[in-house]
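Okay, upload.pdb now, which holds PDB, C-alpha atoms:
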```
MODEL        1
ATOM      1  CA  MET A  20     -47.990   3.720  29.034
ATOM      2  CA  GLN A  21     -48.631   7.237  27.808
ATOM      3  CA  ARG A  22     -49.994   8.816  31.002
ATOM      4  CA  ASP A  23     -48.516   8.978  34.481
ATOM      5  CA  TRP A  24     -49.053   5.708  36.379
ATOM      6  CA  LEU A  25     -50.416   7.465  39.481
ATOM      7  CA  HIS A  26     -53.109   9.224  37.478
ATOM      8  CA  LEU A  27     -54.469   6.118  35.762
ATOM      9  CA  GLY A  28     -56.527   4.991  38.758
ATOM     10  CA  PRO A  29     -57.731   1.598  40.019
ATOM     11  CA  LEU A  30     -59.973   0.744  37.073
ATOM     12  CA  GLN A  31     -57.134   1.126  34.587
ATOM     13  CA  TRP A  32     -54.590  -0.539  36.903
ATOM     14  CA  THR A  33     -56.660  -3.712  37.114
ATOM     15  CA  THR A  34     -56.323  -4.185  33.356
ATOM     16  CA  TYR A  35     -52.628  -4.906  33.966
ATOM     17  CA  VAL A  36     -53.220  -7.692  36.527
ATOM     18  CA  ASN A  37     -52.117 -11.199  35.437
ATOM     19  CA  LYS A  38     -49.918  -9.795  32.697
ATOM     20  CA  GLU A  39     -46.170  -9.939  32.444
ATOM     21  CA  LEU A  40     -44.820  -6.422  32.717
ATOM     22  CA  GLN A  41     -41.609  -4.514  32.239
ATOM     23  CA  VAL A  42     -41.621  -1.659  34.774
ATOM     24  CA  THR A  43     -39.162   1.235  34.731
ATOM     25  CA  ALA A  44     -38.909   2.965  38.095
ATOM     26  CA  GLY A  45     -36.900   5.503  40.031
ATOM     27  CA  MET A  46     -34.589   8.310  39.061
ATOM     28  CA  GLU A  47     -32.033   5.732  37.889
ATOM     29  CA  ALA A  48     -34.635   4.188  35.541
ATOM     30  CA  LYS A  49     -34.172   0.665  36.908
ATOM     31  CA  GLU A  50     -36.128  -1.993  35.104
ATOM     32  CA  PHE A  51     -38.107  -4.757  36.763
ATOM     33  CA  ALA A  52     -39.971  -7.576  35.061
ATOM     34  CA  GLY A  53     -42.573  -9.976  36.380
ATOM     35  CA  TRP A  54     -46.201 -10.965  36.476
ATOM     36  CA  LEU A  55     -48.444  -8.353  38.065
ATOM     37  CA  LEU A  56     -50.199 -10.080  40.955
ATOM     38  CA  THR A  57     -51.956  -7.066  42.463
ATOM     39  CA  ILE A  58     -51.836  -3.310  42.922
ATOM     40  CA  ASP A  59     -52.277  -1.344  46.121
ATOM     41  CA  PRO A  60     -55.062   1.117  45.324
ATOM     42  CA  VAL A  61     -53.837   3.663  47.878
ATOM     43  CA  SER A  62     -50.147   3.888  46.983
ATOM     44  CA  ALA A  63     -50.397   2.554  43.396
ATOM     45  CA  SER A  64     -47.596   0.110  44.264
ATOM     46  CA  LEU A  65     -47.224  -2.931  42.038
ATOM     47  CA  VAL A  66     -46.594  -6.464  43.289
ATOM     48  CA  LEU A  67     -44.539  -8.255  40.650
ATOM     49  CA  VAL A  68     -44.035 -12.008  40.835
ATOM     50  CA  SER A  69     -41.247 -13.830  39.085
ATOM     51  CA  LEU A  70     -42.382 -17.424  38.650
ATOM     52  CA  GLY A  71     -39.491 -19.841  38.950
ATOM     53  CA  GLU A  72     -39.334 -23.174  37.233
ATOM     54  CA  GLU A  73     -42.337 -25.448  37.807
ATOM     55  CA  GLY A  74     -42.087 -26.460  41.453
ATOM     56  CA  GLY A  75     -39.088 -24.171  41.951
ATOM     57  CA  SER A  76     -38.850 -20.927  43.836
ATOM     58  CA  GLY A  77     -39.678 -17.545  42.406
ATOM     59  CA  SER A  78     -39.516 -14.063  43.824
ATOM     60  CA  ILE A  79     -41.789 -11.186  44.737
ATOM     61  CA  ARG A  80     -40.948  -7.537  44.288
ATOM     62  CA  VAL A  81     -42.961  -4.493  45.289
ATOM     63  CA  VAL A  82     -42.426  -1.441  43.104
ATOM     64  CA  MET A  83     -43.618   1.714  44.819
ATOM     65  CA  GLY A  84     -46.243   3.531  42.771
ATOM     66  CA  HIS A  85     -44.690   6.975  43.091
ATOM     67  CA  ALA A  86     -41.459   5.667  41.524
ATOM     68  CA  VAL A  87     -43.068   4.125  38.411
ATOM     69  CA  ARG A  88     -41.962   5.891  35.229
ATOM     70  CA  ARG A  89     -43.095   3.429  32.544
ATOM     71  CA  VAL A  90     -45.124   0.212  32.361
ATOM     72  CA  GLU A  91     -44.968  -2.032  29.324
ATOM     73  CA  VAL A  92     -47.054  -5.185  28.862
ATOM     74  CA  LEU A  93     -44.862  -8.046  27.648
ATOM     75  CA  ARG A  94     -47.549 -10.730  27.385
ATOM     76  CA  GLU A  95     -50.858 -12.023  28.690
ATOM     77  CA  ALA A  96     -50.932 -14.937  31.124
ATOM     78  CA  ASP A  97     -51.565 -18.306  29.508
ATOM     79  CA  ALA A  98     -53.638 -20.907  31.377
ATOM     80  CA  THR A  99     -50.601 -22.331  33.198
ATOM     81  CA  ALA A 100     -49.273 -18.955  34.360
ATOM     82  CA  ALA A 101     -52.744 -17.807  35.436
ATOM     83  CA  GLN A 102     -53.218 -20.983  37.474
ATOM     84  CA  ARG A 103     -49.808 -20.610  39.145
ATOM     85  CA  LEU A 104     -50.579 -16.986  40.029
ATOM     86  CA  ARG A 105     -53.945 -17.996  41.553
ATOM     87  CA  GLU A 106     -52.337 -20.750  43.615
ATOM     88  CA  LEU A 107     -49.446 -18.598  44.795
ATOM     89  CA  PHE A 108     -51.176 -17.341  47.934
ATOM     90  CA  ALA A 109     -54.146 -19.693  48.064
ATOM     91  CA  SER A 110     -54.973 -21.268  51.386
ATOM     92  CA  PRO A 111     -54.149 -24.989  51.436
ATOM     93  CA  THR A 112     -57.629 -25.636  52.828
ATOM     94  CA  CYS A 113     -59.565 -23.746  50.168
ATOM     95  CA  GLY A 114     -60.870 -26.980  48.633
ATOM     96  CA  GLY A 115     -64.173 -26.657  50.472
ATOM     97  CA  PRO A 116     -65.442 -27.657  53.877
ATOM     98  CA  ASP A 117     -63.844 -30.692  55.494
ATOM     99  CA  PRO A 118     -66.532 -32.722  57.314
ATOM    100  CA  GLN A 119     -63.937 -34.472  59.483
ATOM    101  CA  ARG A 120     -62.411 -31.168  60.580
ATOM    102  CA  ARG A 121     -65.892 -29.740  61.267
ATOM    103  CA  ALA A 122     -66.774 -32.793  63.397
ATOM    104  CA  ALA A 123     -63.477 -32.592  65.315
ATOM    105  CA  VAL A 124     -63.974 -28.891  66.061
ATOM    106  CA  ARG A 125     -67.559 -29.543  67.136
ATOM    107  CA  ARG A 126     -66.451 -32.342  69.487
ATOM    108  CA  TRP A 127     -63.708 -30.106  70.925
ATOM    109  CA  LEU A 128     -66.125 -27.258  71.620
ATOM    110  CA  GLU A 129     -68.731 -29.604  73.127
ATOM    111  CA  ARG A 130     -66.080 -31.216  75.363
ATOM    112  CA  ASN A 131     -65.390 -27.732  76.649
ATOM    113  CA  ARG A 132     -69.113 -27.249  77.316
ATOM    114  CA  ILE A 133     -69.691 -24.799  74.477
ATOM    115  CA  PRO A 134     -73.066 -25.295  72.750
ATOM    116  CA  VAL A 135     -72.672 -25.919  69.013
ATOM    117  CA  GLU A 136     -75.136 -26.515  66.196
ATOM    118  CA  GLU A 137     -74.498 -27.152  62.512
ATOM    119  CA  CYS A 138     -75.915 -24.811  59.886
ATOM    120  CA  ALA A 139     -75.001 -26.111  56.411
ATOM    121  CA  ASP A 140     -71.178 -26.060  56.261
ATOM    122  CA  ARG A 141     -70.848 -23.640  59.209
ATOM    123  CA  LEU A 142     -70.976 -24.094  62.953
ATOM    124  CA  ARG A 143     -73.141 -21.823  65.112
ATOM    125  CA  VAL A 144     -71.307 -21.481  68.429
ATOM    126  CA  ALA A 145     -73.035 -20.484  71.685
ATOM    127  CA  SER A 146     -75.735 -18.715  69.644
ATOM    128  CA  ALA A 147     -73.254 -15.834  69.449
ATOM    129  CA  LEU A 148     -70.880 -16.490  66.581
ATOM    130  CA  THR A 149     -70.412 -18.407  63.362
ATOM    131  CA  LEU A 150     -67.451 -20.608  62.503
ATOM    132  CA  ALA A 151     -66.829 -21.019  58.763
ATOM    133  CA  PRO A 152     -64.586 -23.531  56.947
ATOM    134  CA  PRO A 153     -61.751 -24.378  57.505
ATOM    135  CA  TYR A 154     -62.910 -23.951  61.129
ATOM    136  CA  GLY A 155     -59.832 -22.239  62.550
ATOM    137  CA  PRO A 156     -59.484 -19.345  65.011
ATOM    138  CA  ASP A 157     -59.467 -16.788  62.190
ATOM    139  CA  ASP A 158     -62.704 -18.170  60.731
ATOM    140  CA  CYS A 159     -64.909 -16.977  63.613
ATOM    141  CA  SER A 160     -67.280 -14.065  63.207
ATOM    142  CA  GLY A 161     -69.715 -12.578  65.660
ATOM    143  CA  ALA A 162     -70.860  -9.390  67.346
ATOM    144  CA  ASN A 163     -69.823 -10.248  70.916
ATOM    145  CA  PRO A 164     -66.064  -9.576  71.171
ATOM    146  CA  VAL A 165     -65.711 -11.371  74.518
ATOM    147  CA  VAL A 166     -67.233 -14.620  73.244
ATOM    148  CA  LEU A 167     -65.350 -14.246  69.974
ATOM    149  CA  GLU A 168     -61.966 -13.927  71.697
ATOM    150  CA  ARG A 169     -62.629 -16.804  74.108
ATOM    151  CA  VAL A 170     -63.708 -19.197  71.357
ATOM    152  CA  ARG A 171     -60.687 -18.195  69.248
ATOM    153  CA  LYS A 172     -58.352 -18.956  72.158
ATOM    154  CA  LEU A 173     -60.101 -22.269  72.708
ATOM    155  CA  LEU A 174     -59.633 -23.163  69.022
ATOM    156  CA  GLU A 175     -55.960 -22.149  69.188
ATOM    157  CA  GLY A 176     -55.520 -24.576  72.076
ATOM    158  CA  GLN A 177     -57.178 -27.468  70.270
ATOM    159  CA  PRO A 178     -54.772 -30.395  70.084
ATOM    160  CA  ARG A 179     -54.220 -32.157  66.780
ATOM    161  CA  GLN A 180     -55.423 -35.440  68.251
ATOM    162  CA  GLU A 181     -58.114 -34.398  70.685
ATOM    163  CA  ALA A 182     -58.895 -37.949  71.857
ATOM    164  CA  ASP A 183     -58.394 -38.451  75.587
ATOM    165  CA  GLN A 184     -57.960 -34.718  76.153
ATOM    166  CA  GLU A 185     -59.449 -33.050  79.195
ATOM    167  CA  PRO A 186     -61.648 -30.044  78.501
ATOM    168  CA  VAL A 187     -60.176 -26.633  79.097
ATOM    169  CA  PRO A 188     -62.310 -24.680  81.587
ATOM    170  CA  MET A 189     -63.895 -21.723  79.824
ATOM    171  CA  ASP A 190     -66.536 -19.399  81.206
ATOM    172  CA  LEU A 191     -68.731 -17.686  78.672
ATOM    173  CA  PRO A 192     -70.595 -14.539  79.681
TER     174      PRO A 192
ENDMDL
END
```
If you took the structure in this file and wrote it as structure tokens, what would it be?
Amino acid sequence: MQRDWLHLGPLQWTTYVNKELQVTAGMEAKEFAGWLLTIDPVSASLVLVSLGEEGGSGSIRVVMGHAVRRVEVLREADATAAQRLRELFASPTCGGPDPQRRAAVRRWLERNRIPVEECADRLRVASALTLAPPYGPDDCSGANPVVLERVRKLLEGQPRQEADQEPVPMDLP
């Protein structure tokens, strides 16, 4: 790297993502190596991942952007390394909508007297919010914060096996 890391900017930083880097940082010129997972565009900090053996543990290190003195690309990610980097923080439910989960959530909401209708792979709840796959509390979106919070709490209280469960009283505005 010829120029100062902080002055490169986000467009140039992204060219380093998914590459194995050797980073020299700090006044002591410490060296860190790992695969660049991402860069914080505000602080220019690097997130380096050391992939352990297949199925083994690795490590994550954040190198603060202001401390970076030198960045050297060691190699590009091959197909295996790129796949492991993608899967590192992937949600376990990112395989698409689960019709059984959608049906269970719909039943739970209806048992609690919340009107629900299906719209493709999403649920439209109380005509006020949308529930996207994987149909958890964090997958709700809507403009009414009161309804949004109440439905989220209801979803958080959903038992794993909702058979024979009594509905939780919930008043919607």
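Take the candidates A:Val90, A:Leu55, A:Val68, A:Ala139 and check each one against Leu27 of chain A using all atoms listed in the file; the shortest distance goes to A:Val90.
In this structure, atom CA of Ala147 of chain A sits 23.5 Å away from atom CA of Pro178 of chain A.
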For this session: Considering only C-alpha atoms, state which residue in the set A:Arg125, A:Val42, A:Leu65, A:Val165 is at the smallest distance from Leu93 of chain A.
Result: A:Val42
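Distance check against Pro116 of chain A using only C-alpha atoms: of A:Leu148, A:Pro153, A:Thr99, A:Val92, the minimum falls on A:Pro153.
The shortest atom-to-atom distance to Thr43 of chain A, with only C-alpha atoms taken into account, belongs to A:Met83 out of A:Ala96, A:Leu56, A:Met83, A:Cys159.
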Problem set entry | Length of the atom CA of Ala48 of chain A to atom CA of Trp24 of chain A vector [Å] | 14.5 Å
Exercise. Can you list, as JSON, numbers by chain, the residues that the PyMOL selection byres ((chain A and resi 57) around 10) selects here?
Worked result: {"A": [32, 33, 35, 36, 37, 54, 55, 56, 58, 59, 60, 63, 64, 65, 66, 67, 68, 81]}
Exercise. Of the candidates A:Leu70, A:Leu30, A:Ala151, A:Leu25, which one gets nearest to Glu106 of chain A if we count all atoms listed in the file?
Worked result: A:Leu70
Exercise. For Gln177 of chain A, which of A:Val124, A:Asp157, A:Arg143, A:Pro134 is the closest residue, counting only C-alpha atoms?
Worked result: A:Val124
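From atom CA of Glu168 of chain A back to atom CA of Ile133 of chain A, the distance works out to 13.6 Å.
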On this structure, which residues satisfy the PyMOL selection byres ((chain A and resi 138) around 12), written as a compact mmCIF listing (two decimals) with C-alpha atoms, keeping the file's coordinate frame?
```txt
# COMPACT_ATOMS: atom_id res chain seq x y z
CA ARG A 121 -65.89 -29.74 61.27
CA VAL A 135 -72.67 -25.92 69.01
CA GLU A 136 -75.14 -26.52 66.20
CA GLU A 137 -74.50 -27.15 62.51
CA ALA A 139 -75.00 -26.11 56.41
CA ASP A 140 -71.18 -26.06 56.26
CA ARG A 141 -70.85 -23.64 59.21
CA LEU A 142 -70.98 -24.09 62.95
CA ARG A 143 -73.14 -21.82 65.11
CA VAL A 144 -71.31 -21.48 68.43
CA SER A 146 -75.74 -18.72 69.64
CA LEU A 148 -70.88 -16.49 66.58
CA THR A 149 -70.41 -18.41 63.36
CA LEU A 150 -67.45 -20.61 62.50
CA ALA A 151 -66.83 -21.02 58.76
CA PRO A 152 -64.59 -23.53 56.95
```
Could you give me the centre and size, in Å to one decimal, of an axis-aligned box around all listed atoms of segment 129-135 of chain A with 6 Å added on every side, as lines of an AutoDock Vina configuration file?
```
center_x = -69.2
center_y = -28.0
center_z = 73.2
size_x = 19.7
size_y = 18.4
size_z = 20.3
```
Could you pull segment 45-153 of chain A out of the block above and save it with C-alpha atoms, as a compact mmCIF listing (two decimals), in the first residue's frame?
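As written to disk, decode11.txt reads:
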```txt
# COMPACT_ATOMS: atom_id res chain seq x y z
CA GLY A 45 0.60 0.76 15.69
CA MET A 46 3.75 2.54 16.75
CA GLU A 47 5.32 -0.84 17.55
CA ALA A 48 4.64 -2.03 13.97
CA LYS A 49 2.81 -5.18 15.08
CA GLU A 50 1.81 -7.48 12.28
CA PHE A 51 -1.56 -9.17 11.95
CA ALA A 52 -2.63 -11.63 9.28
CA GLY A 53 -6.06 -12.87 8.28
CA TRP A 54 -8.86 -12.74 5.77
CA LEU A 55 -10.50 -9.34 5.50
CA LEU A 56 -14.18 -9.86 6.25
CA THR A 57 -15.30 -6.23 6.28
CA ILE A 58 -14.23 -2.66 6.89
CA ASP A 59 -15.98 -0.04 8.99
CA PRO A 60 -16.43 2.90 6.62
CA VAL A 61 -16.45 5.46 9.44
CA SER A 62 -13.33 4.44 11.37
CA ALA A 63 -11.57 2.53 8.56
CA SER A 64 -11.14 -0.38 10.99
CA LEU A 65 -10.47 -3.79 9.49
CA VAL A 66 -12.11 -7.02 10.63
CA LEU A 67 -9.61 -9.83 10.07
CA VAL A 68 -10.70 -13.45 10.35
CA SER A 69 -8.32 -16.30 10.93
CA LEU A 70 -10.02 -19.44 9.63
CA GLY A 71 -9.15 -22.46 11.73
CA GLU A 72 -9.05 -25.98 10.42
CA GLU A 73 -12.20 -27.14 8.62
CA GLY A 74 -14.82 -27.41 11.35
CA GLY A 75 -12.38 -26.02 13.92
CA SER A 76 -12.36 -22.66 15.61
CA GLY A 77 -10.78 -19.55 14.20
CA SER A 78 -10.42 -16.05 15.52
CA ILE A 79 -11.53 -12.52 14.75
CA ARG A 80 -9.42 -9.43 15.21
CA VAL A 81 -10.36 -5.80 14.70
CA VAL A 82 -7.49 -3.54 13.67
CA MET A 83 -8.33 0.10 14.24
CA GLY A 84 -8.07 2.13 11.05
CA HIS A 85 -6.07 4.98 12.55
CA ALA A 86 -3.34 2.52 13.60
CA VAL A 87 -2.86 0.90 10.16
CA ARG A 88 0.60 1.59 8.75
CA ARG A 89 0.79 -0.95 5.90
CA VAL A 90 -1.54 -3.42 4.19
CA GLU A 91 -0.19 -6.19 1.99
CA VAL A 92 -2.35 -8.64 0.04
CA LEU A 93 -1.08 -12.19 0.54
CA ARG A 94 -3.61 -14.00 -1.67
CA GLU A 95 -7.11 -14.00 -3.10
CA ALA A 96 -9.79 -16.21 -1.57
CA ASP A 97 -10.29 -19.52 -3.35
CA ALA A 98 -13.81 -20.98 -3.60
CA THR A 99 -13.51 -22.81 -0.26
CA ALA A 100 -12.24 -19.79 1.68
CA ALA A 101 -14.85 -17.51 0.10
CA GLN A 102 -17.62 -19.93 1.06
CA ARG A 103 -16.35 -20.21 4.65
CA LEU A 104 -16.20 -16.41 4.95
CA ARG A 105 -19.79 -16.09 3.64
CA GLU A 106 -21.05 -18.71 6.09
CA LEU A 107 -19.19 -17.27 9.06
CA PHE A 108 -21.99 -14.96 10.18
CA ALA A 109 -24.85 -16.29 8.08
CA SER A 110 -28.15 -16.86 9.80
CA PRO A 111 -28.93 -20.57 10.20
CA THR A 112 -32.38 -19.90 8.75
CA CYS A 113 -31.23 -18.12 5.60
CA GLY A 114 -32.19 -21.09 3.41
CA GLY A 115 -35.48 -19.48 2.45
CA PRO A 116 -38.94 -19.36 3.95
CA ASP A 117 -40.01 -22.32 6.06
CA PRO A 118 -43.70 -23.09 5.38
CA GLN A 119 -44.04 -25.02 8.65
CA ARG A 120 -42.62 -22.14 10.67
CA ARG A 121 -44.88 -19.67 8.82
CA ALA A 122 -47.94 -21.85 9.57
CA ALA A 123 -46.97 -22.20 13.25
CA VAL A 124 -46.52 -18.44 13.64
CA ARG A 125 -49.83 -17.81 11.88
CA ARG A 126 -51.63 -20.27 14.18
CA TRP A 127 -50.01 -18.66 17.24
CA LEU A 128 -51.08 -15.17 16.22
CA GLU A 129 -54.62 -16.31 15.36
CA ARG A 130 -54.92 -18.12 18.71
CA ASN A 131 -54.11 -14.79 20.31
CA ARG A 132 -56.85 -13.14 18.22
CA ILE A 133 -54.49 -11.26 15.92
CA PRO A 134 -55.74 -11.12 12.31
CA VAL A 135 -53.20 -12.58 9.87
CA GLU A 136 -53.16 -13.02 6.11
CA GLU A 137 -50.50 -14.55 3.87
CA CYS A 138 -48.87 -12.49 1.13
CA ALA A 139 -46.40 -14.67 -0.79
CA ASP A 140 -43.76 -15.74 1.76
CA ARG A 141 -44.67 -12.97 4.24
CA LEU A 142 -47.41 -12.59 6.81
CA ARG A 143 -49.49 -9.41 6.97
CA VAL A 144 -50.38 -8.93 10.64
CA ALA A 145 -53.34 -6.84 11.83
CA SER A 146 -53.15 -4.83 8.59
CA ALA A 147 -50.39 -2.88 10.33
CA LEU A 148 -47.14 -4.76 9.89
CA THR A 149 -45.34 -7.34 7.80
CA LEU A 150 -43.58 -10.42 9.12
CA ALA A 151 -40.81 -11.75 6.85
CA PRO A 152 -38.99 -15.11 6.98
CA PRO A 153 -37.78 -16.59 9.30
```
